[in-house]
Amino acid sequence: MLEIGMKGKAQTIVTEDNTAKAFCSGALDVFATPAMLALMEETCWKMIQPELGEGEGSVGTKANISHDRASAIGHTITCEATLTEIDRRRLVFEVTCFDGDNIIGKGTHERFIINNEKFLKKNN
């Protein structure tokens, strides 16, 4: 059952594959903003997926985030998410990413619960 206050956590390690240079979002070998957003989305959908009905999933629809601090290759990035709002099929999360004890990014992320089969048919 989805409940306000649910929490989730996910981690990744900064590698050459998730740097700004690799994502073409910059020229440096530091954790890319698009990679941070992907980690935030992953944290949220994996947290709620076990609570959804059979054949249901979720899609990301909005993000309002800041990326405030760089992280070098080899650093471990942790994302923590909290479900803060449930409005029928719309879910809102507070997300924060850490490099050790330092906050590197934060914001909100919104997802919608969908029927996977109907969604795929509609979008083919």
# chains A, B, ... in the order shown; residues from 1 in each chain; ligands from 1
>>> select_by_dssp(residues="chain A", states="alpha helix (DSSP H)", output="short mmCIF file (atom, residue, chain, number, x, y, z; two decimals) with C-alpha atoms, in the first residue's frame")
data_model
loop_
_atom_site.label_atom_id
_atom_site.label_comp_id
_atom_site.auth_asym_id
_atom_site.auth_seq_id
_atom_site.Cartn_x
_atom_site.Cartn_y
_atom_site.Cartn_z
CA ALA A 20 29.07 14.99 -17.64
CA LYS A 21 31.51 14.25 -20.46
CA ALA A 22 29.84 10.89 -21.22
CA PHE A 23 26.32 12.38 -21.10
CA THR A 33 23.22 16.05 -13.74
CA PRO A 34 21.25 13.69 -16.06
CA ALA A 35 22.81 10.74 -14.20
CA MET A 36 21.74 12.25 -10.88
CA LEU A 37 18.20 12.67 -12.17
CA ALA A 38 18.21 9.06 -13.40
CA LEU A 39 19.27 7.90 -9.93
CA MET A 40 16.48 9.95 -8.39
CA GLU A 41 13.91 8.40 -10.74
CA GLU A 42 15.29 4.91 -10.12
CA THR A 43 15.02 5.40 -6.36
CA CYS A 44 11.39 6.48 -6.63
CA TRP A 45 10.08 3.83 -9.01
CA LYS A 46 11.86 0.98 -7.25
CA MET A 47 10.44 2.15 -3.91
CA ILE A 48 6.83 2.10 -5.08
CA ASN A 116 1.76 -0.88 -18.53
CA GLU A 117 -0.09 -2.61 -21.38
CA LYS A 118 -2.46 0.29 -22.06
CA PHE A 119 0.41 2.77 -21.88
CA LEU A 120 2.50 0.83 -24.40
CA LYS A 121 -0.44 0.40 -26.80
CA LYS A 122 -1.24 4.09 -26.60
#
>>> residues_around(residues="Gly53 of chain A", least_positions_apart="2", cutoff="12 Å", atoms="only C-alpha atoms", output="PyMOL selection string")
chain A and resi 1-2+48-51+55-58+113-116
>>> write_last_selection(atoms="N, CA and C atoms", output="tab-separated table (two decimals), in the first residue's frame")
chain	number	residue	atom	x	y	z
A	1	MET	N	0.83	-1.17	0.00
A	1	MET	CA	0.00	0.00	0.00
A	1	MET	C	0.89	1.25	0.00
A	2	LEU	N	0.60	2.14	-0.92
A	2	LEU	CA	1.34	3.40	-0.97
A	2	LEU	C	0.92	4.30	0.18
A	48	ILE	N	8.28	2.29	-5.02
A	48	ILE	CA	6.83	2.10	-5.08
A	48	ILE	C	6.39	0.86	-5.85
A	49	GLN	N	7.25	0.34	-6.73
A	49	GLN	CA	6.83	-0.76	-7.61
A	49	GLN	C	6.25	-1.95	-6.84
A	50	PRO	N	6.85	-2.40	-5.73
A	50	PRO	CA	6.27	-3.54	-5.01
A	50	PRO	C	4.86	-3.29	-4.47
A	51	GLU	N	4.47	-2.03	-4.35
A	51	GLU	CA	3.16	-1.67	-3.80
A	51	GLU	C	2.09	-1.51	-4.89
A	55	GLY	N	0.54	-5.61	-13.37
A	55	GLY	CA	0.40	-4.92	-14.64
A	55	GLY	C	0.54	-3.42	-14.54
A	56	GLU	N	0.78	-2.91	-13.33
A	56	GLU	CA	0.95	-1.47	-13.17
A	56	GLU	C	2.42	-1.11	-13.08
A	57	GLY	N	2.71	0.10	-13.47
A	57	GLY	CA	4.05	0.67	-13.35
A	57	GLY	C	3.91	2.15	-13.10
A	58	SER	N	4.99	2.87	-13.27
A	58	SER	CA	4.92	4.32	-13.11
A	58	SER	C	5.87	4.97	-14.12
A	113	ILE	N	1.10	6.68	-11.90
A	113	ILE	CA	0.87	5.24	-11.97
A	113	ILE	C	0.11	4.96	-13.26
A	114	ILE	N	0.60	3.97	-14.00
A	114	ILE	CA	-0.01	3.64	-15.29
A	114	ILE	C	-0.26	2.13	-15.37
A	115	ASN	N	-1.16	1.76	-16.28
A	115	ASN	CA	-1.31	0.36	-16.67
A	115	ASN	C	-0.31	0.15	-17.80
A	116	ASN	N	0.66	-0.72	-17.58
A	116	ASN	CA	1.76	-0.88	-18.53
A	116	ASN	C	1.28	-1.21	-19.94
>>> select_by_dssp(residues="chain A", states="strand (DSSP E or B)", output="ChimeraX atom specification")
/A:7-13,19,30-31,56-67,72,76-87,90-99,102-115
